[in-house]
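Just structure_1.pdb here, PDB, C-alpha atoms, pLDDT in the B column:
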```
ATOM      1  CA  MET A   1     -14.143  11.913   5.080  1.00 95.00           C
ATOM      2  CA  VAL A   2     -12.020   9.058   3.730  1.00 97.00           C
ATOM      3  CA  LYS A   3      -9.217   7.900   6.034  1.00 97.00           C
ATOM      4  CA  LEU A   4      -6.215   7.160   3.822  1.00 97.00           C
ATOM      5  CA  LEU A   5      -3.118   5.039   4.318  1.00 97.00           C
ATOM      6  CA  SER A   6      -0.613   5.626   1.521  1.00 96.00           C
ATOM      7  CA  LEU A   7       2.028   2.938   0.909  1.00 94.00           C
ATOM      8  CA  PHE A   8       5.016   3.196  -1.438  1.00 93.00           C
ATOM      9  CA  SER A   9       3.897   6.818  -1.622  1.00 94.00           C
ATOM     10  CA  GLY A  10       6.515   8.476  -3.798  1.00 91.00           C
ATOM     11  CA  ILE A  11       5.455  12.117  -3.950  1.00 92.00           C
ATOM     12  CA  GLY A  12       1.774  11.310  -3.502  1.00 94.00           C
ATOM     13  CA  ALA A  13       0.139  11.003  -6.931  1.00 93.00           C
ATOM     14  CA  PHE A  14      -2.902   9.211  -5.481  1.00 95.00           C
ATOM     15  CA  GLU A  15      -3.388  11.984  -2.957  1.00 96.00           C
ATOM     16  CA  LYS A  16      -3.192  14.576  -5.729  1.00 95.00           C
ATOM     17  CA  ALA A  17      -5.810  12.624  -7.686  1.00 95.00           C
ATOM     18  CA  LEU A  18      -8.152  12.641  -4.677  1.00 97.00           C
ATOM     19  CA  GLN A  19      -7.654  16.407  -4.370  1.00 95.00           C
ATOM     20  CA  ASN A  20      -8.313  16.917  -8.086  1.00 96.00           C
ATOM     21  CA  LEU A  21     -11.535  14.891  -7.774  1.00 97.00           C
ATOM     22  CA  ASP A  22     -12.607  16.931  -4.717  1.00 97.00           C
ATOM     23  CA  ILE A  23     -12.719  13.811  -2.551  1.00 97.00           C
ATOM     24  CA  PRO A  24     -12.030  14.833   1.039  1.00 97.00           C
ATOM     25  CA  PHE A  25      -9.556  12.613   2.847  1.00 97.00           C
ATOM     26  CA  GLU A  26      -7.615  12.461   6.062  1.00 97.00           C
ATOM     27  CA  LEU A  27      -4.107  11.064   5.806  1.00 97.00           C
ATOM     28  CA  VAL A  28      -3.520   8.465   8.514  1.00 96.00           C
ATOM     29  CA  ALA A  29       0.103   7.786   7.520  1.00 96.00           C
ATOM     30  CA  TYR A  30       2.321   7.402   4.493  1.00 96.00           C
ATOM     31  CA  CYS A  31       5.147   5.008   3.778  1.00 95.00           C
ATOM     32  CA  GLU A  32       8.144   6.005   1.675  1.00 95.00           C
ATOM     33  CA  ILE A  33      11.705   4.730   2.039  1.00 93.00           C
ATOM     34  CA  ASP A  34      13.398   7.353  -0.159  1.00 92.00           C
ATOM     35  CA  LYS A  35      14.311  10.390   1.947  1.00 95.00           C
ATOM     36  CA  TYR A  36      13.996  12.830  -0.963  1.00 95.00           C
ATOM     37  CA  ALA A  37      10.576  11.523  -1.987  1.00 93.00           C
ATOM     38  CA  SER A  38       9.473  11.670   1.657  1.00 96.00           C
ATOM     39  CA  LYS A  39      10.550  15.303   1.930  1.00 97.00           C
ATOM     40  CA  ALA A  40       8.744  16.164  -1.316  1.00 96.00           C
ATOM     41  CA  TYR A  41       5.632  14.316  -0.121  1.00 96.00           C
ATOM     42  CA  SER A  42       5.706  16.217   3.149  1.00 96.00           C
ATOM     43  CA  VAL A  43       5.956  19.584   1.412  1.00 96.00           C
ATOM     44  CA  LEU A  44       3.436  18.847  -1.352  1.00 95.00           C
ATOM     45  CA  HIS A  45       0.785  17.455   0.999  1.00 95.00           C
ATOM     46  CA  ASN A  46       1.454  19.548   4.098  1.00 95.00           C
ATOM     47  CA  ALA A  47       2.077  16.401   6.125  1.00 96.00           C
ATOM     48  CA  PRO A  48       4.798  16.165   8.757  1.00 97.00           C
ATOM     49  CA  GLU A  49       7.538  13.687   7.913  1.00 95.00           C
ATOM     50  CA  SER A  50       6.821  12.066  11.274  1.00 96.00           C
ATOM     51  CA  MET A  51       3.775  10.520   9.526  1.00 96.00           C
ATOM     52  CA  ASN A  52       6.150   8.530   7.303  1.00 97.00           C
ATOM     53  CA  LEU A  53       6.263   4.888   8.348  1.00 96.00           C
ATOM     54  CA  GLY A  54       9.582   4.453   6.527  1.00 94.00           C
ATOM     55  CA  ASP A  55      10.688   1.009   5.439  1.00 93.00           C
ATOM     56  CA  ILE A  56       7.576  -1.111   4.815  1.00 91.00           C
ATOM     57  CA  THR A  57       9.414  -4.272   5.921  1.00 92.00           C
ATOM     58  CA  LYS A  58       9.769  -2.773   9.407  1.00 95.00           C
ATOM     59  CA  VAL A  59       6.147  -1.675   9.849  1.00 94.00           C
ATOM     60  CA  ASP A  60       4.248  -3.520  12.574  1.00 94.00           C
ATOM     61  CA  GLU A  61       0.790  -3.744  11.027  1.00 91.00           C
ATOM     62  CA  THR A  62      -0.770  -4.332  14.449  1.00 94.00           C
ATOM     63  CA  THR A  63       0.045  -0.708  15.352  1.00 92.00           C
ATOM     64  CA  LEU A  64      -1.866   0.738  12.401  1.00 91.00           C
ATOM     65  CA  PRO A  65      -5.314   2.236  12.981  1.00 88.00           C
ATOM     66  CA  THR A  66      -8.184  -0.148  12.294  1.00 90.00           C
ATOM     67  CA  ASP A  67     -10.537   2.466  10.826  1.00 93.00           C
ATOM     68  CA  ILE A  68      -8.702   2.984   7.516  1.00 96.00           C
ATOM     69  CA  ASP A  69     -11.071   3.394   4.572  1.00 97.00           C
ATOM     70  CA  LEU A  70      -8.629   3.398   1.666  1.00 97.00           C
ATOM     71  CA  ILE A  71      -5.131   2.022   1.157  1.00 96.00           C
ATOM     72  CA  THR A  72      -3.202   3.162  -1.898  1.00 95.00           C
ATOM     73  CA  TYR A  73       0.164   1.929  -3.071  1.00 91.00           C
ATOM     74  CA  GLY A  74       2.417   3.035  -5.874  1.00 85.00           C
ATOM     75  CA  PHE A  75       4.054   0.732  -8.344  1.00 76.00           C
ATOM     76  CA  PRO A  76       7.874   0.829  -7.982  1.00 67.00           C
ATOM     77  CA  CYS A  77       9.296   3.235 -10.546  1.00 64.00           C
ATOM     78  CA  GLN A  78      12.834   1.809 -10.503  1.00 60.00           C
ATOM     79  CA  PRO A  79      12.335  -0.318 -13.635  1.00 62.00           C
ATOM     80  CA  PHE A  80      11.335   2.807 -15.562  1.00 61.00           C
ATOM     81  CA  SER A  81      13.522   5.452 -13.961  1.00 63.00           C
ATOM     82  CA  THR A  82      16.803   6.588 -15.493  1.00 64.00           C
ATOM     83  CA  ALA A  83      17.895   7.640 -11.984  1.00 61.00           C
ATOM     84  CA  GLY A  84      17.050   4.389 -10.155  1.00 56.00           C
ATOM     85  CA  ARG A  85      19.147   1.267  -9.777  1.00 55.00           C
TER      86      ARG A  85
END
```
Conversion result in structure tokens:
Amino acid sequence: MVKLLSLFSGIGAFEKALQNLDIPFELVAYCEIDKYASKAYSVLHNAPESMNLGDITKVDETTLPTDIDLITYGFPCQPFSTAGR
């Protein structure tokens, strides 16, 4: 079982890819600053929003588990989004 830390998670495209590839994983935590994306992530991946680390600039990396196997991170979509700033 792959232990996953998802950063800049959005709605969890990497997690969906792992599911589609039948790669079992355990979500350690996810990190998403947008409250609507976090809610969508929580619903889509059956993960409590309490697993959201929130603002990446406020995460104390020394508190993260040390047995993480895979870290994913999404590219910021703001430059391509018609809704973003």
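Between CA of Leu5 (chain A) and CA of Tyr36 (chain A) lies a distance of 19.5 Å.
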| Neighbours of Ile68 (chain A) within 9 Å (only C-alpha atoms; same-chain residues fewer than 2 positions away dropped), as a PyMOL selection string? | chain A and resi 2-5+28+64-66+70-71
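Each of A:Glu32, A:Glu26, A:Leu44, A:Gly10 was checked against Thr57 (chain A) using all atoms listed in the file; the smallest atom-to-atom distance is that of A:Glu32.
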| said: What would the selection look like, as a PyMOL selection string, if the PyMOL selection byres ((chain A and resi 45) around 9) were run on the coordinates I just shared? | reply: chain A and resi 11-12+15-16+40-44+46-48
Region 61-71 of chain A: axis-aligned bounding box, 5 Å on each side, centre and edge lengths in Å, one decimal, as lines of an AutoDock Vina configuration file:
```
center_x = -5.1
center_y = -0.5
center_z = 8.3
size_x = 21.9
size_y = 17.7
size_z = 24.2
```
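The residue that comes closest to Gly54 (chain A), out of A:Asn20, A:Ala13, A:Leu27, A:Lys35 and on the basis of only C-alpha atoms, is A:Lys35.
The residues returned by the PyMOL selection byres ((chain A and resi 31) around 6) on the shown structure are Leu7, Phe8, Ser9, Tyr30, Glu32, Asn52, Leu53 and Gly54 of chain A.
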Please write the residues from the selection above to a file, keeping C-alpha atoms, as a CSV table (one decimal), keeping the file's coordinate frame.
```csv
chain,number,residue,atom,x,y,z
A,7,LEU,CA,2.0,2.9,0.9
A,8,PHE,CA,5.0,3.2,-1.4
A,9,SER,CA,3.9,6.8,-1.6
A,30,TYR,CA,2.3,7.4,4.5
A,32,GLU,CA,8.1,6.0,1.7
A,52,ASN,CA,6.2,8.5,7.3
A,53,LEU,CA,6.3,4.9,8.3
A,54,GLY,CA,9.6,4.5,6.5
```
| field | For Asp69 (chain A), the nearest of the candidates A:Gln19, A:Ile56, A:Phe25, A:Ala37, counting only C-alpha atoms | value | A:Phe25
